[in-house]
Amino acid sequence: MGDNETGLERLAATVGRLRREIREARAGADARALIELATGVLVERLRCGPAQAARQLEQVAARMGLTPLELAAQLVDAVPRDSPGPVADSPAPAETSDAVRMGLAESAALAASDASQVAASLLEHALAPIGAAAVVVWSAGGDSSLTLAGSAGITGEEAARWRYVPPGVAIPAQQALARREAVWIEDLSTSGMSSAGHRDLAGRAAIPALLGGRVVGVLEVCWPGPLTAKPKLEPFADLVAHTLDAATGPEPAATADLVAVTDALLNPALVLRHDPHAGDFRIRHVNRVFADLAGVSPDGLTGAGLLEVYPLLAGADRLYDAIERVHATGEPFLAHRMTLPSLSADALVVADVSVSRHGEDLLLVLRAEDDAARLAGLLQEAQRLARVGGFEENVTTGDITWSGTTFGLCGLKPGDEPIPLARLPEHADTGDVPAIDGFLRTVLDRRLPASVTFRMPRPDGVTRHLRLVAEPVRDSTGEVLRTVRGAYQDISAQHWTEVALSATRDQLSQTEERAEERNRLALDLQTAILPAAGPVIDTTGLRIAARYRPAEQEHLVGGDWYDAVTLPSKQILLSVGDIAGHGIQAATGMVVLRNALRGLAATGAAPAQLLSWLNLVAYHLTDRICGTVVCALYDPATRLLRWARAGHPPPLLVRDGGARSLPMLTGVLLGAFERTDYQEGEVELGPGDRLLLYTDGLVERKDRPLDDCIQDLLTVAAGSAAPLEDWVDHVLGHSAATTVDDTCVVAVDVT
Amino acid sequence: MSGQYRGQSDDAKGSVVDDVFTLAWDRPDPGALVVRVSGAVDAASARRMREGIAAARDAGETAAGRVVIDLSEVSFLDSAGLAMLVETASRCHQAGQAFVLVAQGSAVLRPLQLTGLDKILTITGSVTSALETQAAGARD
């Protein structure tokens, strides 16, 4: 039961995700056009490649707290307004132009691979327009020293001379670093300080570049003459800060530290980072212990979205809420004895959980309960839910202990000879033998824990997908013994979920084939219920033959039926009917009405009453069935035939070499109106009489009035006096019908 | 307000014309919708006729109080076509619209008689009389 539910939930979740992806892909198609346009703008402005421009767009958007789409909209929007020829006395275009200048400088700065390019692009796009002649980017060391990270507008030799400024040396940047605020120097030569380019650049501004409250560097802007105004430079300093930060590499030191810490932990731990685009947390690192807990390889987890790997986390699980809260507030989360059904698909995990924020990263640490009694209980629960069977094997002596479940998983009976690890390859699917060999080398030779997934064709002919987890047993001193223990787990349910999913996908891509399949099914249904030649019924004074002729084209299989059955009252029920329409719907409607009529007839009611009831059945079915039927009850004792029709051609009577239709009794077709009454007719049959009930497939012609068609049938029917079986084939064979409808007939000889 | 129905489109001009079947509609006065059908109404065309009538009933700013289906030019009507007429009559009845068939000639009248629908649906010999008749509408 646990297996099925888990499988179902997983299937539901995966299908849900696929649907969502398709929906997002559609919505994304519109957005993509705009983003491509914006990328094009950047390609042109930054003279870089499209890939770099796209990366650029993402980064700038992230910095500005916008989605790439919003930024794209702004960029595309900004282009026409950035065109030359702004009206000089209008303040609005000037503001716009500032914003665009800022945006472009930012784009260019982030595209720059080192601080010099940042300085150059800042100068070119943003600072030269306000009169600045040079830019110096200083990087702050942990000891308050400064390193010239990049410059523009000063010579290379000058930059080299100032490449390192030890702590305590008075330069504007040093002051900005110490005071954590902007330093404005009207004229460097009279300030008692020096700096790069001091000979010809007088005015200076040194703005601290802050990142998360920490000064990571200083932006120094130089003017040729004395400083007269204090332009707003902080945004450019922010830009410098991010550039210096990005320059430390894609893996910031904080993450690297965290990774080192998690690797040193004995508890399962993983490092997460929020991914605003995916609305999920990316797994940046998992430690070895966690990978073992979840029974997966660390490679499979790293880089994946948390919800991708553990979709059930998005549900009612408290853990995901906790992670989101910690990310938002920074307040650490600690919970004791949290049940985590979502971390492992196959077993419950009860653990103490700690979530904390470190910079942009989140650290999630689990401490699984190790209380022996709880563990035993948990194990039992897990075994029940997860179809896990334990084992222990002494590699030296060959002694093997299996739990009861293990025998079942491997298709053996308790008491059978357990399978030693070393002989596992003989029992596994040959394709999985290399994987098992690798697993055995790890466990038996290198004496390390390992797990492997393989297929086992069992003696009972069923192939199970098993996961085997094993670890060498250590004694209290930590020495590895020659004993290995672990567990087998049946993961077939998961496997079949995947199979079902891919089958669904295949089916969706083959709608046409499915339509054919449905038509075949309709035909199968018809022919299963109505053999092409019905059984010859020989009953007291009556001989009956029936035929079903399917439509010529398979896809036109309709809802025609015949029936001839002796009722408990010894009366004989004869009927033929025709459900409007074709295909599976008509065929199933046929089955419903035919069986309903049989059931109703068992009450002993007369034909008119039967049809009133049958009409109610047809009218109240969800897919309201519309159809016609003729129904007759023959009493062998009195030779009296009572009959009624619902929109159907009346039966045909052959008597004394002549054929005629029985009268057109009143009777509306089935399923059209809720309450209808049917007229009932009687005819006393005598020996030699021959009766034919038929559906309109026998007579229908598009180019000829129906009455003429029926007249033709009467002629054919009277034209042969062959025995019943041959006569039926004669009538079917000489049918002048031109439509491709299917046809049912029931013929009766009174003897 | 008039239109012709072409396949699935909302196109006000056009028609469903193939070898056997055409359909067009018209609002001779605001209270009446007349749908003219000609050709063979069989399993294949009944589905398109249902769509065409649905489109005609939806067209126009107000629903017509009376729906007239003119089958004068129909050369063949089989059980699928009859089932479709029953369904349409039922929908009109539910919407409070009178439903009138115009039929002449045995190709249409005979199947209607055979299936007993002639006793239940309002049938007239011409569009003019269909617009004048105090139609009983479809009986439930």
# chains A, B, ... in the order shown; residues from 1 in each chain; ligands from 1
>>> residues_around(residues="segment 104-121 of chain B", least_positions_apart="6", cutoff="7 Å", atoms="only C-alpha atoms", output="PyMOL selection string")
(chain A and resi 646-649+666-669+705-706) or (chain B and resi 72+74-77+138-139)
>>> write_last_selection(atoms="N, CA and C atoms", output="PDB file, in the first residue's frame")
ATOM      1  N   ALA A 646     -39.162   1.454 -31.600  1.00  0.00           N
ATOM      2  CA  ALA A 646     -38.785   2.808 -31.194  1.00  0.00           C
ATOM      3  C   ALA A 646     -37.977   3.394 -32.331  1.00  0.00           C
ATOM      4  N   GLY A 647     -38.679   4.089 -33.255  1.00  0.00           N
ATOM      5  CA  GLY A 647     -38.007   4.764 -34.364  1.00  0.00           C
ATOM      6  C   GLY A 647     -37.361   3.824 -35.363  1.00  0.00           C
ATOM      7  N   HIS A 648     -37.642   2.548 -35.255  1.00  0.00           N
ATOM      8  CA  HIS A 648     -36.947   1.538 -36.055  1.00  0.00           C
ATOM      9  C   HIS A 648     -37.866   1.017 -37.165  1.00  0.00           C
ATOM     10  N   PRO A 649     -37.278   0.582 -38.302  1.00  0.00           N
ATOM     11  CA  PRO A 649     -38.133  -0.020 -39.340  1.00  0.00           C
ATOM     12  C   PRO A 649     -38.860  -1.245 -38.767  1.00  0.00           C
ATOM     13  N   THR A 666     -46.753   3.436 -33.874  1.00  0.00           N
ATOM     14  CA  THR A 666     -46.226   4.677 -33.296  1.00  0.00           C
ATOM     15  C   THR A 666     -45.107   4.327 -32.310  1.00  0.00           C
ATOM     16  N   GLY A 667     -44.034   5.049 -32.388  1.00  0.00           N
ATOM     17  CA  GLY A 667     -42.934   4.782 -31.452  1.00  0.00           C
ATOM     18  C   GLY A 667     -41.732   5.631 -31.790  1.00  0.00           C
ATOM     19  N   VAL A 668     -41.462   6.605 -30.940  1.00  0.00           N
ATOM     20  CA  VAL A 668     -40.367   7.539 -31.209  1.00  0.00           C
ATOM     21  C   VAL A 668     -39.040   6.883 -30.836  1.00  0.00           C
ATOM     22  N   LEU A 669     -37.977   7.386 -31.428  1.00  0.00           N
ATOM     23  CA  LEU A 669     -36.678   6.771 -31.171  1.00  0.00           C
ATOM     24  C   LEU A 669     -36.251   6.947 -29.708  1.00  0.00           C
ATOM     25  N   PRO A 705     -35.349   6.922 -52.200  1.00  0.00           N
ATOM     26  CA  PRO A 705     -36.209   7.104 -51.027  1.00  0.00           C
ATOM     27  C   PRO A 705     -36.273   5.825 -50.207  1.00  0.00           C
ATOM     28  N   LEU A 706     -36.408   6.006 -48.914  1.00  0.00           N
ATOM     29  CA  LEU A 706     -36.388   4.888 -47.986  1.00  0.00           C
ATOM     30  C   LEU A 706     -37.474   3.856 -48.309  1.00  0.00           C
TER      31      LEU A 706
ATOM     32  N   SER B  72     -35.395  21.656 -46.387  1.00  0.00           N
ATOM     33  CA  SER B  72     -36.046  21.466 -47.694  1.00  0.00           C
ATOM     34  C   SER B  72     -35.098  20.893 -48.737  1.00  0.00           C
ATOM     35  N   VAL B  74     -32.455  19.023 -48.183  1.00  0.00           N
ATOM     36  CA  VAL B  74     -31.679  17.869 -47.723  1.00  0.00           C
ATOM     37  C   VAL B  74     -32.102  16.628 -48.503  1.00  0.00           C
ATOM     38  N   SER B  75     -31.110  15.926 -49.035  1.00  0.00           N
ATOM     39  CA  SER B  75     -31.403  14.787 -49.903  1.00  0.00           C
ATOM     40  C   SER B  75     -31.354  13.460 -49.160  1.00  0.00           C
ATOM     41  N   PHE B  76     -30.738  13.459 -47.976  1.00  0.00           N
ATOM     42  CA  PHE B  76     -30.569  12.206 -47.254  1.00  0.00           C
ATOM     43  C   PHE B  76     -30.389  12.527 -45.778  1.00  0.00           C
ATOM     44  N   LEU B  77     -31.071  11.750 -44.934  1.00  0.00           N
ATOM     45  CA  LEU B  77     -30.986  11.999 -43.494  1.00  0.00           C
ATOM     46  C   LEU B  77     -30.928  10.647 -42.793  1.00  0.00           C
ATOM     47  N   ALA B 138     -39.879  22.021 -28.547  1.00  0.00           N
ATOM     48  CA  ALA B 138     -39.553  20.615 -28.299  1.00  0.00           C
ATOM     49  C   ALA B 138     -40.183  20.179 -26.989  1.00  0.00           C
ATOM     50  N   ARG B 139     -40.853  19.055 -27.052  1.00  0.00           N
ATOM     51  CA  ARG B 139     -41.407  18.506 -25.821  1.00  0.00           C
ATOM     52  C   ARG B 139     -40.265  17.871 -25.038  1.00  0.00           C
TER      53      ARG B 139
END
>>> residues_around(residues="segment 123-131 of chain B", least_positions_apart="2", cutoff="12 Å", atoms="only C-alpha atoms", output="MDAnalysis selection string")
chainID B and resid 26:36 64:73 89 98:105 108:109 112:113 117:121 133:138
>>> write_last_selection(atoms="C-alpha atoms", output="PDB file, in the first residue's frame")
ATOM      1  CA  ASP B  26     -29.867  34.152 -41.632  1.00  0.00           C
ATOM      2  CA  ARG B  27     -31.820  36.369 -39.215  1.00  0.00           C
ATOM      3  CA  PRO B  28     -34.853  37.492 -41.270  1.00  0.00           C
ATOM      4  CA  ASP B  29     -36.129  39.306 -38.194  1.00  0.00           C
ATOM      5  CA  PRO B  30     -34.494  39.845 -34.791  1.00  0.00           C
ATOM      6  CA  GLY B  31     -36.610  37.158 -33.174  1.00  0.00           C
ATOM      7  CA  ALA B  32     -35.873  34.320 -35.567  1.00  0.00           C
ATOM      8  CA  LEU B  33     -32.853  32.373 -36.726  1.00  0.00           C
ATOM      9  CA  VAL B  34     -33.167  30.365 -39.919  1.00  0.00           C
ATOM     10  CA  VAL B  35     -30.513  27.749 -40.661  1.00  0.00           C
ATOM     11  CA  ARG B  36     -30.636  26.370 -44.189  1.00  0.00           C
ATOM     12  CA  ALA B  64     -33.393  34.342 -31.326  1.00  0.00           C
ATOM     13  CA  GLY B  65     -36.684  33.340 -29.758  1.00  0.00           C
ATOM     14  CA  ARG B  66     -37.254  30.870 -32.567  1.00  0.00           C
ATOM     15  CA  VAL B  67     -34.851  28.534 -34.337  1.00  0.00           C
ATOM     16  CA  VAL B  68     -35.928  27.278 -37.742  1.00  0.00           C
ATOM     17  CA  ILE B  69     -33.945  24.495 -39.363  1.00  0.00           C
ATOM     18  CA  ASP B  70     -34.770  24.393 -43.041  1.00  0.00           C
ATOM     19  CA  LEU B  71     -34.223  20.865 -44.382  1.00  0.00           C
ATOM     20  CA  SER B  72     -36.046  21.466 -47.694  1.00  0.00           C
ATOM     21  CA  GLU B  73     -32.880  20.888 -49.698  1.00  0.00           C
ATOM     22  CA  ALA B  89     -34.211  20.517 -30.293  1.00  0.00           C
ATOM     23  CA  ALA B  98     -39.012  27.494 -30.130  1.00  0.00           C
ATOM     24  CA  PHE B  99     -37.668  24.845 -32.508  1.00  0.00           C
ATOM     25  CA  VAL B 100     -39.248  24.337 -35.934  1.00  0.00           C
ATOM     26  CA  LEU B 101     -38.203  22.035 -38.749  1.00  0.00           C
ATOM     27  CA  VAL B 102     -38.998  22.781 -42.357  1.00  0.00           C
ATOM     28  CA  ALA B 103     -39.202  19.528 -44.279  1.00  0.00           C
ATOM     29  CA  GLN B 104     -40.700  18.459 -47.565  1.00  0.00           C
ATOM     30  CA  GLY B 105     -40.043  15.381 -49.638  1.00  0.00           C
ATOM     31  CA  VAL B 108     -36.428  13.851 -44.906  1.00  0.00           C
ATOM     32  CA  LEU B 109     -40.050  13.224 -43.954  1.00  0.00           C
ATOM     33  CA  LEU B 112     -38.744  11.599 -39.345  1.00  0.00           C
ATOM     34  CA  GLN B 113     -41.912   9.497 -39.530  1.00  0.00           C
ATOM     35  CA  LEU B 117     -40.007  12.426 -34.463  1.00  0.00           C
ATOM     36  CA  ASP B 118     -42.760  13.825 -36.723  1.00  0.00           C
ATOM     37  CA  LYS B 119     -45.173  13.336 -33.819  1.00  0.00           C
ATOM     38  CA  ILE B 120     -43.022  15.318 -31.422  1.00  0.00           C
ATOM     39  CA  LEU B 121     -41.115  17.992 -33.296  1.00  0.00           C
ATOM     40  CA  THR B 133     -46.574  28.817 -36.783  1.00  0.00           C
ATOM     41  CA  GLN B 134     -47.263  28.896 -33.083  1.00  0.00           C
ATOM     42  CA  ALA B 135     -44.597  26.347 -32.450  1.00  0.00           C
ATOM     43  CA  ALA B 136     -45.069  24.040 -29.509  1.00  0.00           C
ATOM     44  CA  GLY B 137     -41.299  23.789 -29.234  1.00  0.00           C
ATOM     45  CA  ALA B 138     -39.553  20.615 -28.299  1.00  0.00           C
TER      46      ALA B 138
END
>>> closest_atom_pairs(of="chain A", to="chain B", cutoff="10 Å", atoms="only C-alpha atoms", output="tab-separated table")
residue	atom	partner	partner_atom	distance
A:Leu556	CA	B:Ala43	CA	9.0
A:Asp578	CA	B:Ser79	CA	8.4
A:Ile579	CA	B:Ser79	CA	8.1
A:Ala580	CA	B:Ala80	CA	4.9
A:Gly581	CA	B:Ala80	CA	5.4
A:His582	CA	B:Ala43	CA	7.7
A:Arg624	CA	B:Glu87	CA	9.2
A:Ile625	CA	B:Ala83	CA	8.9
A:Cys626	CA	B:Ala83	CA	5.8
A:Gly627	CA	B:Ser79	CA	7.5
A:Thr628	CA	B:Thr115	CA	7.4
A:Val629	CA	B:Thr115	CA	9.8
A:Arg645	CA	B:Thr115	CA	8.9
A:Ala646	CA	B:Thr115	CA	6.6
A:Gly647	CA	B:Thr115	CA	3.1
A:His648	CA	B:Thr115	CA	6.1
A:Pro649	CA	B:Leu114	CA	6.5
A:Pro650	CA	B:Leu114	CA	8.9
A:Met664	CA	B:Leu114	CA	7.5
A:Leu665	CA	B:Leu114	CA	9.0
A:Thr666	CA	B:Gly116	CA	6.5
A:Gly667	CA	B:Gly116	CA	5.4
A:Val668	CA	B:Gly116	CA	3.9
A:Leu669	CA	B:Thr115	CA	5.1
A:Leu670	CA	B:Thr115	CA	8.9
A:Gly671	CA	B:Val86	CA	8.8
A:Ala672	CA	B:Val86	CA	5.8
A:Phe673	CA	B:Asp140	CA	5.5
A:Glu674	CA	B:Asp140	CA	6.2
A:Arg675	CA	B:Asp140	CA	7.7
A:Thr676	CA	B:Asp140	CA	9.8
A:Tyr678	CA	B:Gly116	CA	9.9
A:Asp696	CA	B:Ser79	CA	8.9
A:Glu700	CA	B:Asp78	CA	8.4
A:Arg701	CA	B:Phe76	CA	8.6
A:Lys702	CA	B:Phe76	CA	5.7
A:Asp703	CA	B:Phe76	CA	7.8
A:Arg704	CA	B:Ala107	CA	8.0
A:Pro705	CA	B:Ala107	CA	5.6
A:Leu706	CA	B:Arg110	CA	6.9
A:Asp707	CA	B:Arg110	CA	7.8
A:Thr739	CA	B:Asp42	CA	9.6
A:Asp741	CA	B:Ala43	CA	9.5
>>> closest_residue(among="A:Leu542, A:Leu148, A:Ala126, A:Ala747", to="Leu640 of chain A", atoms="only C-alpha atoms")
A:Leu542
>>> select_by_dssp(residues="chain B", states="helix (DSSP H, G or I)", output="PyMOL selection string")
chain B and resi 43-58+79-94+106-114+117-119+127-132
>>> residues_around(residues="Gly197 of chain A", least_positions_apart="4", cutoff="9 Å", atoms="only C-alpha atoms", output="NGL selection string")
:A and (134 or 153-155 or 158-159 or 201-202 or 222)
>>> write_last_selection(atoms="C-alpha atoms", output="CSV table (one decimal), in the first residue's frame")
chain,number,residue,atom,x,y,z
A,134,ALA,CA,40.9,59.3,-14.6
A,153,GLY,CA,43.3,57.7,-17.5
A,154,ILE,CA,46.7,57.3,-15.9
A,155,THR,CA,49.7,55.8,-17.5
A,158,GLU,CA,52.2,55.5,-12.8
A,159,ALA,CA,49.7,52.6,-12.0
A,201,LEU,CA,45.2,65.6,-11.6
A,202,ALA,CA,44.1,67.9,-8.8
A,222,CYS,CA,40.3,62.2,-10.6
>>> decode(residues="segment 546-581 of chain A", atoms="N, CA and C atoms", output="mmCIF file, in the first residue's frame")
data_model
loop_
_atom_site.group_PDB
_atom_site.id
_atom_site.type_symbol
_atom_site.label_atom_id
_atom_site.label_comp_id
_atom_site.auth_asym_id
_atom_site.auth_seq_id
_atom_site.Cartn_x
_atom_site.Cartn_y
_atom_site.Cartn_z
ATOM 1 N N ALA A 546 -29.100 -15.434 -36.873
ATOM 2 C CA ALA A 546 -28.767 -14.007 -36.735
ATOM 3 C C ALA A 546 -27.436 -13.725 -37.400
ATOM 4 N N ARG A 547 -27.281 -12.498 -37.870
ATOM 5 C CA ARG A 547 -26.030 -12.107 -38.533
ATOM 6 C C ARG A 547 -25.631 -10.701 -38.093
ATOM 7 N N TYR A 548 -24.323 -10.516 -37.943
ATOM 8 C CA TYR A 548 -23.791 -9.156 -37.778
ATOM 9 C C TYR A 548 -22.778 -8.922 -38.873
ATOM 10 N N ARG A 549 -23.004 -7.863 -39.665
ATOM 11 C CA ARG A 549 -22.040 -7.512 -40.703
ATOM 12 C C ARG A 549 -21.442 -6.158 -40.350
ATOM 13 N N PRO A 550 -20.144 -6.137 -39.980
ATOM 14 C CA PRO A 550 -19.548 -4.853 -39.580
ATOM 15 C C PRO A 550 -19.461 -3.900 -40.766
ATOM 16 N N ALA A 551 -19.300 -2.619 -40.450
ATOM 17 C CA ALA A 551 -19.100 -1.616 -41.495
ATOM 18 C C ALA A 551 -17.846 -1.959 -42.271
ATOM 19 N N GLU A 552 -17.844 -1.568 -43.548
ATOM 20 C CA GLU A 552 -16.687 -1.901 -44.386
ATOM 21 C C GLU A 552 -15.427 -1.244 -43.869
ATOM 22 N N GLN A 553 -15.556 0.017 -43.445
ATOM 23 C CA GLN A 553 -14.381 0.706 -42.924
ATOM 24 C C GLN A 553 -14.351 0.553 -41.418
ATOM 25 N N GLU A 554 -13.187 0.212 -40.933
ATOM 26 C CA GLU A 554 -13.052 -0.090 -39.522
ATOM 27 C C GLU A 554 -13.493 1.097 -38.671
ATOM 28 N N HIS A 555 -13.189 2.322 -39.122
ATOM 29 C CA HIS A 555 -13.472 3.465 -38.267
ATOM 30 C C HIS A 555 -14.958 3.802 -38.218
ATOM 31 N N LEU A 556 -15.759 3.101 -39.045
ATOM 32 C CA LEU A 556 -17.192 3.384 -39.018
ATOM 33 C C LEU A 556 -17.966 2.362 -38.195
ATOM 34 N N VAL A 557 -17.244 1.548 -37.421
ATOM 35 C CA VAL A 557 -17.920 0.559 -36.590
ATOM 36 C C VAL A 557 -19.006 1.258 -35.787
ATOM 37 N N GLY A 558 -20.212 0.750 -35.886
ATOM 38 C CA GLY A 558 -21.331 1.454 -35.279
ATOM 39 C C GLY A 558 -21.872 0.737 -34.078
ATOM 40 N N GLY A 559 -23.126 1.055 -33.757
ATOM 41 C CA GLY A 559 -23.724 0.506 -32.546
ATOM 42 C C GLY A 559 -24.912 -0.388 -32.846
ATOM 43 N N ASP A 560 -24.805 -1.194 -33.898
ATOM 44 C CA ASP A 560 -25.905 -2.106 -34.215
ATOM 45 C C ASP A 560 -25.844 -3.351 -33.328
ATOM 46 N N TRP A 561 -27.009 -3.870 -32.979
ATOM 47 C CA TRP A 561 -26.989 -5.144 -32.249
ATOM 48 C C TRP A 561 -28.156 -6.026 -32.641
ATOM 49 N N TYR A 562 -28.009 -7.318 -32.354
ATOM 50 C CA TYR A 562 -29.142 -8.238 -32.443
ATOM 51 C C TYR A 562 -29.189 -9.019 -31.153
ATOM 52 N N ASP A 563 -30.322 -9.567 -30.842
ATOM 53 C CA ASP A 563 -30.416 -10.423 -29.669
ATOM 54 C C ASP A 563 -31.556 -11.420 -29.888
ATOM 55 N N ALA A 564 -31.344 -12.628 -29.430
ATOM 56 C CA ALA A 564 -32.385 -13.661 -29.491
ATOM 57 C C ALA A 564 -32.139 -14.563 -28.294
ATOM 58 N N VAL A 565 -33.062 -14.528 -27.327
ATOM 59 C CA VAL A 565 -32.802 -15.266 -26.099
ATOM 60 C C VAL A 565 -34.123 -15.784 -25.525
ATOM 61 N N THR A 566 -34.057 -16.977 -24.929
ATOM 62 C CA THR A 566 -35.250 -17.535 -24.295
ATOM 63 C C THR A 566 -35.346 -17.011 -22.870
ATOM 64 N N LEU A 567 -36.513 -16.437 -22.535
ATOM 65 C CA LEU A 567 -36.696 -15.817 -21.219
ATOM 66 C C LEU A 567 -37.165 -16.860 -20.210
ATOM 67 N N PRO A 568 -37.091 -16.537 -18.903
ATOM 68 C CA PRO A 568 -37.563 -17.488 -17.890
ATOM 69 C C PRO A 568 -39.018 -17.897 -18.123
ATOM 70 N N SER A 569 -39.810 -16.998 -18.705
ATOM 71 C CA SER A 569 -41.224 -17.293 -18.970
ATOM 72 C C SER A 569 -41.398 -18.234 -20.156
ATOM 73 N N LYS A 570 -40.288 -18.689 -20.753
ATOM 74 C CA LYS A 570 -40.271 -19.536 -21.961
ATOM 75 C C LYS A 570 -40.616 -18.738 -23.222
ATOM 76 N N GLN A 571 -40.946 -17.479 -23.057
ATOM 77 C CA GLN A 571 -41.114 -16.631 -24.238
ATOM 78 C C GLN A 571 -39.728 -16.347 -24.815
ATOM 79 N N ILE A 572 -39.714 -15.954 -26.071
ATOM 80 C CA ILE A 572 -38.432 -15.673 -26.714
ATOM 81 C C ILE A 572 -38.353 -14.191 -27.050
ATOM 82 N N LEU A 573 -37.272 -13.584 -26.598
ATOM 83 C CA LEU A 573 -37.044 -12.153 -26.881
ATOM 84 C C LEU A 573 -36.237 -12.043 -28.156
ATOM 85 N N LEU A 574 -36.752 -11.259 -29.102
ATOM 86 C CA LEU A 574 -36.016 -10.980 -30.336
ATOM 87 C C LEU A 574 -35.836 -9.465 -30.406
ATOM 88 N N SER A 575 -34.623 -9.025 -30.721
ATOM 89 C CA SER A 575 -34.474 -7.581 -30.896
ATOM 90 C C SER A 575 -33.337 -7.279 -31.847
ATOM 91 N N VAL A 576 -33.472 -6.170 -32.572
ATOM 92 C CA VAL A 576 -32.323 -5.568 -33.244
ATOM 93 C C VAL A 576 -32.394 -4.079 -32.936
ATOM 94 N N GLY A 577 -31.222 -3.471 -32.859
ATOM 95 C CA GLY A 577 -31.188 -2.050 -32.532
ATOM 96 C C GLY A 577 -30.006 -1.372 -33.201
ATOM 97 N N ASP A 578 -30.026 -0.053 -33.144
ATOM 98 C CA ASP A 578 -29.001 0.740 -33.831
ATOM 99 C C ASP A 578 -28.777 2.012 -33.025
ATOM 100 N N ILE A 579 -27.570 2.159 -32.499
ATOM 101 C CA ILE A 579 -27.230 3.385 -31.776
ATOM 102 C C ILE A 579 -26.677 4.380 -32.789
ATOM 103 N N ALA A 580 -27.159 5.641 -32.725
ATOM 104 C CA ALA A 580 -26.663 6.667 -33.648
ATOM 105 C C ALA A 580 -25.182 6.910 -33.396
ATOM 106 N N GLY A 581 -24.468 7.120 -34.484
ATOM 107 C CA GLY A 581 -23.055 7.429 -34.358
ATOM 108 C C GLY A 581 -22.185 6.206 -34.559
#
